[in-house]
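Engineer: Before I ask anything, here is the structure I am working with.
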Amino acid sequence: MSATLDGKVALVAGATRGAGRGIAVELGAAGATVYVTGRSTRERRSEYDRPETIEDTADLVTEAGGRGIAVPTDHLDPAQVRALVDRIAAEQGRLDVLVNDIWGGENLFEWEAPVWEHDLDKGLRLLRLAVETHAITSHHALPLLLRKEGGLVVEMTDGTAEYNRDTYRNSFFYDLAKTAVLRMAFSLGHELGSRGGTAVALTPGWMRSEIMLDHFGVTEESWRDALESEPHFGISESPRYVGRAVAALAADPRVSRWNGQSLSGGRLAQVYGFTDLDGSRPDAWRYIVEVQDAGKPADTAGYR
């Protein structure tokens, strides 16, 4: 991409690990100042009890060429979110990109468990973390984003609107959460479009997050070893791939053409020409439909 994000200010809400970290780093690589938030810090871990921290993410943003600023924030607490936005306003006077990537639900949903058997407290907690946090953050951050025309909101989810419309996604609570976020982007597009802003929903493909790599017992360098147990993992992508999708959207002067739409990193790679770190362009959602869900043997030829 020839365009850069020098002088732009972004907030990646939920940037401790996974897609949020990949997005923050790629926005930094394009020159942006990036506020990164989450509950896992070097002093205190969230209930995930994992080693990744928002300070680490901020350091990676700065190393990539931007300016990373870590702000510990529980996005279920409106007062903390309001203080975060007030700080951005005081320090920068603007907000150009808001990425709602708060999730926190990996340990809360039960695969294929019907709603009457699913742990209710965990299911409701998942909905609060995945949906309520996005609403709270948008409520407080959008007035700042709308101070200037051209602001972008990216609602991160799992699955495109087309795929999720026809496919049961793991459990009642997971399905509801991911579909709700898709609808959030549509609604925000309606509310922002006439006011000079753009909102989209964006999904990565099968992402090699820190948690996924640990699940397979591999690293980013050795991820192909996981193909022995899960051949379809060959379509997977690094978190930086969807990060490059967000950076491309943020740098596009015609980004409003996408307003209210559901997008995937693989689709945007074909439009904007970016690649994953290995130079490939995984098109995971086309692969999932045409190969994986169709019951065909794993073969990524023509899909990356």
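Labeling convention for the structure tokens: chains A, B, ... as they appear, residues from 1 per chain, ligands from 1 in order of appearance.
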If you count only C-alpha atoms, which residues fall within 12 Å of stretch 266-270 of chain A, apart from same-chain ones fewer than 2 positions away, as a PyMOL selection string?

Structural biologist: chain A and resi 1+159-160+202-207+235-238+241-249+252+255+258+262-264+272-276+279-288+303-304

Engineer: For A:Asp175, list every protein, DNA or RNA residue within 12 Å, evaluated using only C-alpha atoms, and leave out those in the same chain fewer than 4 positions away; present the list as a PyMOL selection string.

Structural biologist: chain A and resi 105+109-115+123+126-127+130-131+157-159+161+163-171+179-182

Engineer: Keeping only C-alpha atoms, write the selected residues as a compact mmCIF listing (two decimals), in the first residue's frame.

Structural biologist:
# COMPACT_ATOMS: atom_id res chain seq x y z
CA GLY A 105 -15.15 -15.98 25.12
CA PHE A 109 -18.88 -21.63 25.15
CA GLU A 110 -19.52 -25.35 24.92
CA TRP A 111 -19.32 -26.90 21.46
CA GLU A 112 -22.65 -28.20 20.17
CA ALA A 113 -24.32 -27.85 23.59
CA PRO A 114 -27.98 -26.83 23.22
CA VAL A 115 -29.05 -23.78 25.15
CA GLY A 123 -23.28 -18.11 28.15
CA LEU A 126 -19.97 -14.50 26.80
CA LEU A 127 -22.74 -12.26 25.51
CA ALA A 130 -18.78 -10.02 23.07
CA VAL A 131 -21.73 -7.66 22.61
CA THR A 157 -16.47 -11.01 14.33
CA ASP A 158 -16.20 -14.63 13.18
CA GLY A 159 -17.81 -15.48 9.88
CA ALA A 161 -23.00 -12.42 7.21
CA TYR A 163 -21.95 -17.76 6.02
CA ASN A 164 -23.43 -17.16 9.46
CA ARG A 165 -26.91 -16.73 8.03
CA ASP A 166 -26.97 -20.34 6.86
CA THR A 167 -24.60 -22.00 9.35
CA TYR A 168 -25.01 -22.90 13.01
CA ARG A 169 -21.93 -21.53 14.76
CA ASN A 170 -20.86 -23.86 17.57
CA SER A 171 -23.52 -23.05 20.19
CA THR A 179 -24.35 -12.57 14.54
CA ALA A 180 -25.06 -9.64 16.84
CA VAL A 181 -21.72 -8.06 15.99
CA LEU A 182 -22.47 -8.36 12.28

Engineer: I'd like to know which residues of stretch 99-183 of chain A are strand (DSSP E or B) (by DSSP, run on the backbone); could you write them as a list of chain:residue names?

Structural biologist: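 Residues meeting the strand (DSSP E or B) criterion: A:Val99, A:Asn100, A:Leu152, A:Val153, A:Val154, A:Glu155, A:Met156.
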
Engineer: Kindly give the distance, in Å, that separates atom CA of A:Leu129 and atom CA of A:Ile211, rounded to a single decimal.

Structural biologist: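 Computing the Euclidean distance for atom CA of A:Leu129 and atom CA of A:Ile211 yields 17.7 Å.
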
Engineer: What lies within 6 Å of stretch 56-66 of chain A using only C-alpha atoms, ignoring chain neighbours under 3 positions off, as a list in words?

Structural biologist: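 Result of the neighbour search: Arg21, Val25, Gly28, Ala29, Gly31, Ala32, Thr33, Thr53, Ile69 and Ala70 of chain A.
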
Engineer: With distances taken over only C-alpha atoms, which of A:Gly217, A:Gly14, A:Gly234, A:Pro253 is nearest to A:Gly104?

Structural biologist: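 The closest residue to A:Gly104 is A:Gly14.
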
Engineer: Report, in Å to a single decimal, how far apart atom CA of A:Ala251 and atom CA of A:Gly302 are.

Structural biologist: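 Computing it gives 28.0 Å between the two atoms.
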
Engineer: When DSSP is applied to the backbone of this structure, which of stretch 194-267 of chain A are assigned alpha helix (DSSP H)? Write them out as a PDB file with N, CA, C and O atoms, in the first residue's frame.

Structural biologist:
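Resulting contents of result_34.pdb:
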ATOM      1  N   GLU A 210      -2.440 -16.922  19.289  1.00  0.00           N
ATOM      2  CA  GLU A 210      -1.599 -17.566  20.296  1.00  0.00           C
ATOM      3  C   GLU A 210      -2.307 -18.771  20.906  1.00  0.00           C
ATOM      4  O   GLU A 210      -1.687 -19.818  21.147  1.00  0.00           O
ATOM      5  N   ILE A 211      -3.605 -18.627  21.152  1.00  0.00           N
ATOM      6  CA  ILE A 211      -4.375 -19.718  21.744  1.00  0.00           C
ATOM      7  C   ILE A 211      -4.490 -20.893  20.775  1.00  0.00           C
ATOM      8  O   ILE A 211      -4.374 -22.063  21.170  1.00  0.00           O
ATOM      9  N   MET A 212      -4.699 -20.614  19.491  1.00  0.00           N
ATOM     10  CA  MET A 212      -4.808 -21.685  18.509  1.00  0.00           C
ATOM     11  C   MET A 212      -3.480 -22.412  18.335  1.00  0.00           C
ATOM     12  O   MET A 212      -3.444 -23.655  18.239  1.00  0.00           O
ATOM     13  N   LEU A 213      -2.391 -21.680  18.300  1.00  0.00           N
ATOM     14  CA  LEU A 213      -1.082 -22.319  18.186  1.00  0.00           C
ATOM     15  C   LEU A 213      -0.817 -23.221  19.383  1.00  0.00           C
ATOM     16  O   LEU A 213      -0.314 -24.349  19.235  1.00  0.00           O
ATOM     17  N   ASP A 214      -1.179 -22.734  20.562  1.00  0.00           N
ATOM     18  CA  ASP A 214      -1.003 -23.561  21.762  1.00  0.00           C
ATOM     19  C   ASP A 214      -1.872 -24.810  21.696  1.00  0.00           C
ATOM     20  O   ASP A 214      -1.468 -25.889  22.149  1.00  0.00           O
ATOM     21  N   HIS A 215      -3.072 -24.674  21.164  1.00  0.00           N
ATOM     22  CA  HIS A 215      -3.985 -25.819  21.050  1.00  0.00           C
ATOM     23  C   HIS A 215      -3.357 -26.944  20.234  1.00  0.00           C
ATOM     24  O   HIS A 215      -3.479 -28.127  20.582  1.00  0.00           O
ATOM     25  N   PHE A 216      -2.672 -26.578  19.162  1.00  0.00           N
ATOM     26  CA  PHE A 216      -2.046 -27.573  18.309  1.00  0.00           C
ATOM     27  C   PHE A 216      -0.615 -27.908  18.736  1.00  0.00           C
ATOM     28  O   PHE A 216       0.009 -28.793  18.155  1.00  0.00           O
ATOM     29  N   PRO A 239      -2.326 -13.541  12.440  1.00  0.00           N
ATOM     30  CA  PRO A 239      -3.149 -12.382  12.838  1.00  0.00           C
ATOM     31  C   PRO A 239      -2.786 -11.099  12.098  1.00  0.00           C
ATOM     32  O   PRO A 239      -3.599 -10.174  12.030  1.00  0.00           O
ATOM     33  N   ARG A 240      -1.601 -11.043  11.549  1.00  0.00           N
ATOM     34  CA  ARG A 240      -1.188  -9.832  10.827  1.00  0.00           C
ATOM     35  C   ARG A 240      -1.948  -9.685   9.501  1.00  0.00           C
ATOM     36  O   ARG A 240      -2.041  -8.577   8.964  1.00  0.00           O
ATOM     37  N   TYR A 241      -2.463 -10.788   8.983  1.00  0.00           N
ATOM     38  CA  TYR A 241      -3.182 -10.737   7.706  1.00  0.00           C
ATOM     39  C   TYR A 241      -4.443  -9.890   7.830  1.00  0.00           C
ATOM     40  O   TYR A 241      -4.668  -8.967   7.039  1.00  0.00           O
ATOM     41  N   VAL A 242      -5.256 -10.154   8.851  1.00  0.00           N
ATOM     42  CA  VAL A 242      -6.450  -9.320   9.040  1.00  0.00           C
ATOM     43  C   VAL A 242      -6.049  -7.919   9.490  1.00  0.00           C
ATOM     44  O   VAL A 242      -6.755  -6.947   9.225  1.00  0.00           O
ATOM     45  N   GLY A 243      -4.878  -7.802  10.142  1.00  0.00           N
ATOM     46  CA  GLY A 243      -4.359  -6.478  10.473  1.00  0.00           C
ATOM     47  C   GLY A 243      -4.101  -5.652   9.231  1.00  0.00           C
ATOM     48  O   GLY A 243      -4.390  -4.449   9.187  1.00  0.00           O
ATOM     49  N   ARG A 244      -3.572  -6.286   8.209  1.00  0.00           N
ATOM     50  CA  ARG A 244      -3.318  -5.576   6.952  1.00  0.00           C
ATOM     51  C   ARG A 244      -4.632  -5.208   6.260  1.00  0.00           C
ATOM     52  O   ARG A 244      -4.698  -4.190   5.556  1.00  0.00           O
ATOM     53  N   ALA A 245      -5.652  -6.009   6.473  1.00  0.00           N
ATOM     54  CA  ALA A 245      -6.962  -5.653   5.929  1.00  0.00           C
ATOM     55  C   ALA A 245      -7.476  -4.368   6.565  1.00  0.00           C
ATOM     56  O   ALA A 245      -7.986  -3.479   5.875  1.00  0.00           O
ATOM     57  N   VAL A 246      -7.342  -4.249   7.882  1.00  0.00           N
ATOM     58  CA  VAL A 246      -7.794  -3.034   8.566  1.00  0.00           C
ATOM     59  C   VAL A 246      -6.962  -1.832   8.134  1.00  0.00           C
ATOM     60  O   VAL A 246      -7.500  -0.743   7.881  1.00  0.00           O
ATOM     61  N   ALA A 247      -5.651  -2.012   8.024  1.00  0.00           N
ATOM     62  CA  ALA A 247      -4.789  -0.908   7.593  1.00  0.00           C
ATOM     63  C   ALA A 247      -5.154  -0.453   6.184  1.00  0.00           C
ATOM     64  O   ALA A 247      -5.138   0.751   5.888  1.00  0.00           O
ATOM     65  N   ALA A 248      -5.484  -1.396   5.318  1.00  0.00           N
ATOM     66  CA  ALA A 248      -5.877  -1.038   3.955  1.00  0.00           C
ATOM     67  C   ALA A 248      -7.185  -0.249   3.948  1.00  0.00           C
ATOM     68  O   ALA A 248      -7.324   0.753   3.236  1.00  0.00           O
ATOM     69  N   LEU A 249      -8.147  -0.673   4.752  1.00  0.00           N
ATOM     70  CA  LEU A 249      -9.400   0.066   4.852  1.00  0.00           C
ATOM     71  C   LEU A 249      -9.157   1.478   5.381  1.00  0.00           C
ATOM     72  O   LEU A 249      -9.701   2.458   4.860  1.00  0.00           O
ATOM     73  N   ALA A 250      -8.334   1.579   6.423  1.00  0.00           N
ATOM     74  CA  ALA A 250      -8.092   2.878   7.051  1.00  0.00           C
ATOM     75  C   ALA A 250      -7.382   3.845   6.118  1.00  0.00           C
ATOM     76  O   ALA A 250      -7.519   5.066   6.259  1.00  0.00           O
ATOM     77  N   ALA A 251      -6.613   3.330   5.177  1.00  0.00           N
ATOM     78  CA  ALA A 251      -5.859   4.177   4.251  1.00  0.00           C
ATOM     79  C   ALA A 251      -6.615   4.472   2.955  1.00  0.00           C
ATOM     80  O   ALA A 251      -6.138   5.246   2.129  1.00  0.00           O
ATOM     81  N   GLY A 265     -11.039 -10.808   5.504  1.00  0.00           N
ATOM     82  CA  GLY A 265      -9.670 -10.463   5.154  1.00  0.00           C
ATOM     83  C   GLY A 265      -9.274 -11.014   3.796  1.00  0.00           C
ATOM     84  O   GLY A 265      -8.601 -10.338   3.008  1.00  0.00           O
ATOM     85  N   GLY A 266      -9.693 -12.242   3.495  1.00  0.00           N
ATOM     86  CA  GLY A 266      -9.358 -12.836   2.204  1.00  0.00           C
ATOM     87  C   GLY A 266      -9.947 -12.080   1.038  1.00  0.00           C
ATOM     88  O   GLY A 266      -9.292 -11.911   0.000  1.00  0.00           O
ATOM     89  N   ARG A 267     -11.168 -11.599   1.179  1.00  0.00           N
ATOM     90  CA  ARG A 267     -11.787 -10.813   0.111  1.00  0.00           C
ATOM     91  C   ARG A 267     -11.062  -9.492  -0.079  1.00  0.00           C
ATOM     92  O   ARG A 267     -10.783  -9.072  -1.215  1.00  0.00           O
TER      93      ARG A 267
END

Engineer: Counting only C-alpha atoms, which residue out of A:Arg87, A:Lys296, A:Arg257, A:His118 sits closest to A:Leu144?

Structural biologist: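 The closest residue to A:Leu144 is A:Arg87.
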
Engineer: Please provide as a PDB file with N, CA and C atoms, in the first residue's frame all residues within 10 Å of A:Leu142, with the sequence filter that same-chain residues fewer than 4 positions apart are discarded (counting only C-alpha atoms).

Structural biologist:
ATOM      1  N   VAL A  85     -11.578   7.312  26.468  1.00  0.00           N
ATOM      2  CA  VAL A  85     -11.869   8.217  25.350  1.00  0.00           C
ATOM      3  C   VAL A  85     -11.518   9.653  25.713  1.00  0.00           C
ATOM      4  N   LEU A  95      -9.948  10.940  16.779  1.00  0.00           N
ATOM      5  CA  LEU A  95      -9.919   9.488  16.677  1.00  0.00           C
ATOM      6  C   LEU A  95     -10.356   9.139  15.267  1.00  0.00           C
ATOM      7  N   ASP A  96      -9.475   8.485  14.532  1.00  0.00           N
ATOM      8  CA  ASP A  96      -9.746   8.187  13.128  1.00  0.00           C
ATOM      9  C   ASP A  96     -10.238   6.765  12.896  1.00  0.00           C
ATOM     10  N   VAL A  97      -9.801   5.850  13.740  1.00  0.00           N
ATOM     11  CA  VAL A  97     -10.143   4.435  13.561  1.00  0.00           C
ATOM     12  C   VAL A  97     -10.500   3.835  14.917  1.00  0.00           C
ATOM     13  N   LEU A  98     -11.657   3.190  14.981  1.00  0.00           N
ATOM     14  CA  LEU A  98     -12.052   2.416  16.153  1.00  0.00           C
ATOM     15  C   LEU A  98     -12.214   0.971  15.723  1.00  0.00           C
ATOM     16  N   THR A 137     -18.332   0.725  24.158  1.00  0.00           N
ATOM     17  CA  THR A 137     -17.194   1.411  23.539  1.00  0.00           C
ATOM     18  C   THR A 137     -17.649   2.340  22.419  1.00  0.00           C
ATOM     19  N   SER A 138     -18.563   1.884  21.591  1.00  0.00           N
ATOM     20  CA  SER A 138     -19.064   2.744  20.520  1.00  0.00           C
ATOM     21  C   SER A 138     -19.796   3.959  21.084  1.00  0.00           C
ATOM     22  N   LEU A 146     -16.377  11.153  15.222  1.00  0.00           N
ATOM     23  CA  LEU A 146     -17.155  11.945  14.287  1.00  0.00           C
ATOM     24  C   LEU A 146     -16.768  13.427  14.258  1.00  0.00           C
ATOM     25  N   ARG A 147     -15.780  13.818  15.054  1.00  0.00           N
ATOM     26  CA  ARG A 147     -15.320  15.214  14.986  1.00  0.00           C
ATOM     27  C   ARG A 147     -14.775  15.554  13.611  1.00  0.00           C
ATOM     28  N   GLY A 151     -13.977   8.984   9.485  1.00  0.00           N
ATOM     29  CA  GLY A 151     -13.694   8.020  10.537  1.00  0.00           C
ATOM     30  C   GLY A 151     -14.176   6.623  10.170  1.00  0.00           C
ATOM     31  N   LEU A 152     -13.475   5.620  10.694  1.00  0.00           N
ATOM     32  CA  LEU A 152     -13.759   4.224  10.370  1.00  0.00           C
ATOM     33  C   LEU A 152     -13.967   3.420  11.647  1.00  0.00           C
ATOM     34  N   VAL A 153     -15.044   2.623  11.679  1.00  0.00           N
ATOM     35  CA  VAL A 153     -15.289   1.672  12.764  1.00  0.00           C
ATOM     36  C   VAL A 153     -15.246   0.272  12.171  1.00  0.00           C
ATOM     37  N   LEU A 188     -24.454   0.570  12.742  1.00  0.00           N
ATOM     38  CA  LEU A 188     -23.520   1.691  12.821  1.00  0.00           C
ATOM     39  C   LEU A 188     -23.308   2.322  11.449  1.00  0.00           C
ATOM     40  N   LEU A 192     -23.661   6.190  11.003  1.00  0.00           N
ATOM     41  CA  LEU A 192     -22.450   6.952  10.701  1.00  0.00           C
ATOM     42  C   LEU A 192     -22.421   7.493   9.280  1.00  0.00           C
ATOM     43  N   GLY A 197     -18.955   9.091   8.446  1.00  0.00           N
ATOM     44  CA  GLY A 197     -18.176   7.959   8.922  1.00  0.00           C
ATOM     45  C   GLY A 197     -18.539   6.680   8.190  1.00  0.00           C
TER      46      GLY A 197
END

Engineer: How many Å lie between atom CA of A:Leu277 and atom CA of A:Glu220, rounded to one decimal?

Structural biologist: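 Spanning atom CA of A:Leu277 to atom CA of A:Glu220 is a straight-line distance of 10.6 Å.
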